[in-house]
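Below is one structure, written out as structure tokens; the observations come after it.
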Protein chains: 2
Amino acid sequence: MKNRNAYIGVFDSGAGGLTVVKHIEEMMPNENILYFGDTAHLPYGTKSEKQIKEFATNDVAFLNGFELKSLVIACNTADSVARETLIKEFDLPIYGVIDPAARKAAEVSENGKIGIMATTATVRSDAYAKRIRHYRKDAEVHSLACPLLVPLVENRRYKKEDIVVSTILQEYLDQLTVHGIDTLVLGCTHYPLLMDAVQSLVPDMKVISSSKEAVLSLKKSLEMTGQLNDESGSERRFYVSDDADAFRANAEVFLNEKLTREVIQVSV
Amino acid sequence: MKNRNAYIGVFDSGAGGLTVVKHIEEMMPNENILYFGDTAHLPYGTKSEKQIKEFATNDVAFLNGFELKSLVIACNTADSVARETLIKEFDLPIYGVIDPAARKAAEVSENGKIGIMATTATVRSDAYAKRIRHYRKDAEVHSLACPLLVPLVENRRYKKEDIVVSTILQEYLDQLTVHGIDTLVLGCTHYPLLMDAVQSLVPDMKVISSSKEAVLSLKKSLEMTGQLNDESGSERRFYVSDDADAFRANAEVFLNEKLTREVIQVSV
């Protein structure tokens with residue numbers, strides 16, 4: 001049994017995984033969190049499997065130098081491509097974003113037709129379809145690579161009133177709604193910021209955030225194993241592989257508030 | 001004197017530098033070209049100086065394993081940040097994209113007010129302003145980071161009829177035209193594809209492509225030193241640091257035709 005006060009390690013290619021951190025803070029405010037953003041190598045979503053596995057292994061090797069009670073792959077791309085590699089390589093309880101979102105989608109869909117918006121690498125891996133069919137054999141899964149969404153969000157364009165956002169989202173959504181889906185997974189930790197814009201374009205759709213489902217699932221696990229931190233006060237540490245100031249500026253987008261903690265640049 | 005048949009080495013973070021290759025093919029069809037796209041680490045434009053210098057040094061070290069008569073930094077970001085590092089490190093005639101475009105802008109501007117559209121890293125380096133003032137002391141240079149343009153072009157969105165393209169371009173252009181510029185440098189090798197869309201929004205502006213100016217300048221240099229290849233037939237070699245097929249698909253955007261040559265993935 002790991003120390004309850006040990007860190008929850010969270011990593012992503014950049015700042016998108018902070019949407020996961022934000023949910024941890026909301027749902028489990030006493031947890032100590034260690035975040036690593038591999039900003040020297042972002043984005044992962046456009047890279048090959050081999051590269052992503054290599055990057056993710058280095059990320060976790062860095063976090064594993066601290067006392068972790070669990071590790072969250074807060075990046076759908078890394079989770080879809082490198083999950084098995086990480087489980088083999090590291091003796092850590094590893095939580096992802098894909099399984100919880102896939103499970104939720106399988107549960108809530110009425111007609112079994114589910115759409116996935118994700119990065120090119122996540123779509124190529126087919127991880128969502130496999131995982132959804134694990135929970136619901138008859139599910140019909142339609143996955144769509146949406147490579148413009150990460151750059152848009154990173155440039156703070158995610159409001160539904162923005163014609164650029166609504167045009168691009170509508171084009172992507174059209175390619176999914178044509179299949180009659182009733183449930184849509186936002187399969188990238190950048191995408192929760194687009195939730196309102198998506199929901200306004202498809203008001204009847206059940207829209208699932210992989211960031212939120214991941215943290216709900218993590219919380220349940222920690223509760224069941226008696227590992228929730230019950231002491232008040234919480235530590236936060238932020239590490240990145242490229243410029244710390246650039247990360248800090250970007251972090252504000254995902255946390256919806258200023259990141260006041262120190263950010264430390266390290267080599268991995 | 002280098003062998004006239006030796007390669008012109010060209011590198012970029014990805015496929016954008018192919019706009020330079022295209023101009024070399026048009027203006028100097030007999031040249032042998034060796035291209036390296038560091039696709040495992042793209043984009044460079046959002047990364048720190050330290051990272052960009054490291055990446056660029058590795059890129060040139062790889063190309064330098066072949067017989068080169070000249071090396072073209074076909075990436076404004078790498079040229080603006082790593083040029084001096086590369087000149088110190090390698091005994092090669094090194095040509096960039098910034099000096100030729102800066103010189104041309106200084107020449108053609110009537111009121112001396114010049115706008116630069118470029119990546120975040122290029123703007124941060126202030127390389128264009130320094131170089132333009134080298135040629136024209138009284139020049140007033142306004143540089144603007146345009147981080148959405150690379151993702152748009154990579155996703156084949158560069159046509160003037162595309163509302164997404166025209167909206168984003170208009171927003172960027174407004175921030176430059178407010179200063180009364182009469183000349184605009186497209187300071188990224190991805191941007192030549194946006195030339196028509198830009199020109200349609202600002203029809204009276206003198207718009208300069210750094211890719212084209214770089215090749216005009218290279219050609220002049222090779223002519224002056226008697227190094228132009230006068231034999232017919234030309235060799236092309238394409239190397240990348242990530243998936244070769246993904247590069248091939250992307251290459252078509254920049255070459256405006258299928259890339260039929262072999263693309264080889266290497267580790268650098």
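If you're wondering about the labels, chains in the structure tokens are A, B, ... by order shown, residues count from 1 in each chain, ligands from 1 in order shown.
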Note to self: Give me, as number ranges by chain, the residues of chain A touching chain B, with the criterion being at most 6 Å (counting only C-alpha atoms).
What the structure shows: A: 41, 48, 164, 243
Note to self: Using DSSP assignments from the backbone, pull out every residue in segment 18-230 of chain B that falls under helix (DSSP H, G or I) and give it to me as a PyMOL selection string.
What the structure shows: chain B and resi 18-27+49-63+76-89+98-108+120-125+127-135+149-154+163-177+191-201+210-224
Notebook entry, point to check: Leaving out Leu186 of chain B and any residue of its chain fewer than 4 positions from it, which residues lie within 9 Å of it when counting only C-alpha atoms, given as a PyMOL selection string?
Noted result: chain B and resi 101+115-118+190-192+194-195+207-211
Checklist line | segment 260-266 of chain A surroundings by only C-alpha atoms, 10 Å radius, close-in-sequence under 6 positions cut, as a PyMOL selection string | finding: chain A and resi 35-39+62+235-245+247-248+252
Check: Where in segment 61-264 of chain B does DSSP assign strand (DSSP E or B), given as JSON, numbers by chain?
Finding: {"B": [68, 69, 70, 71, 72, 73, 94, 95, 113, 114, 115, 116, 117, 118, 140, 141, 142, 143, 144, 145, 183, 184, 185, 186, 187, 206, 207, 208, 209, 236, 237, 238, 239, 240, 263, 264]}
Margin query: Just want the 7 Å neighbourhood of segment 66-78 of chain B, counted on only C-alpha atoms, with same-chain residues fewer than 4 positions away dropped. Output as a PyMOL selection string.
Written below: chain B and resi 2-3+6-12+17+20+44-45+52+56+82-83+92-98+119+121-122+187-189
Next item on the list: State, in Å with one decimal place, the distance from atom CA of Asp99 of chain B to atom CA of Asp79 of chain B.
Entry: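 We find that atom CA of Asp99 of chain B and atom CA of Asp79 of chain B lie 9.2 Å from each other.
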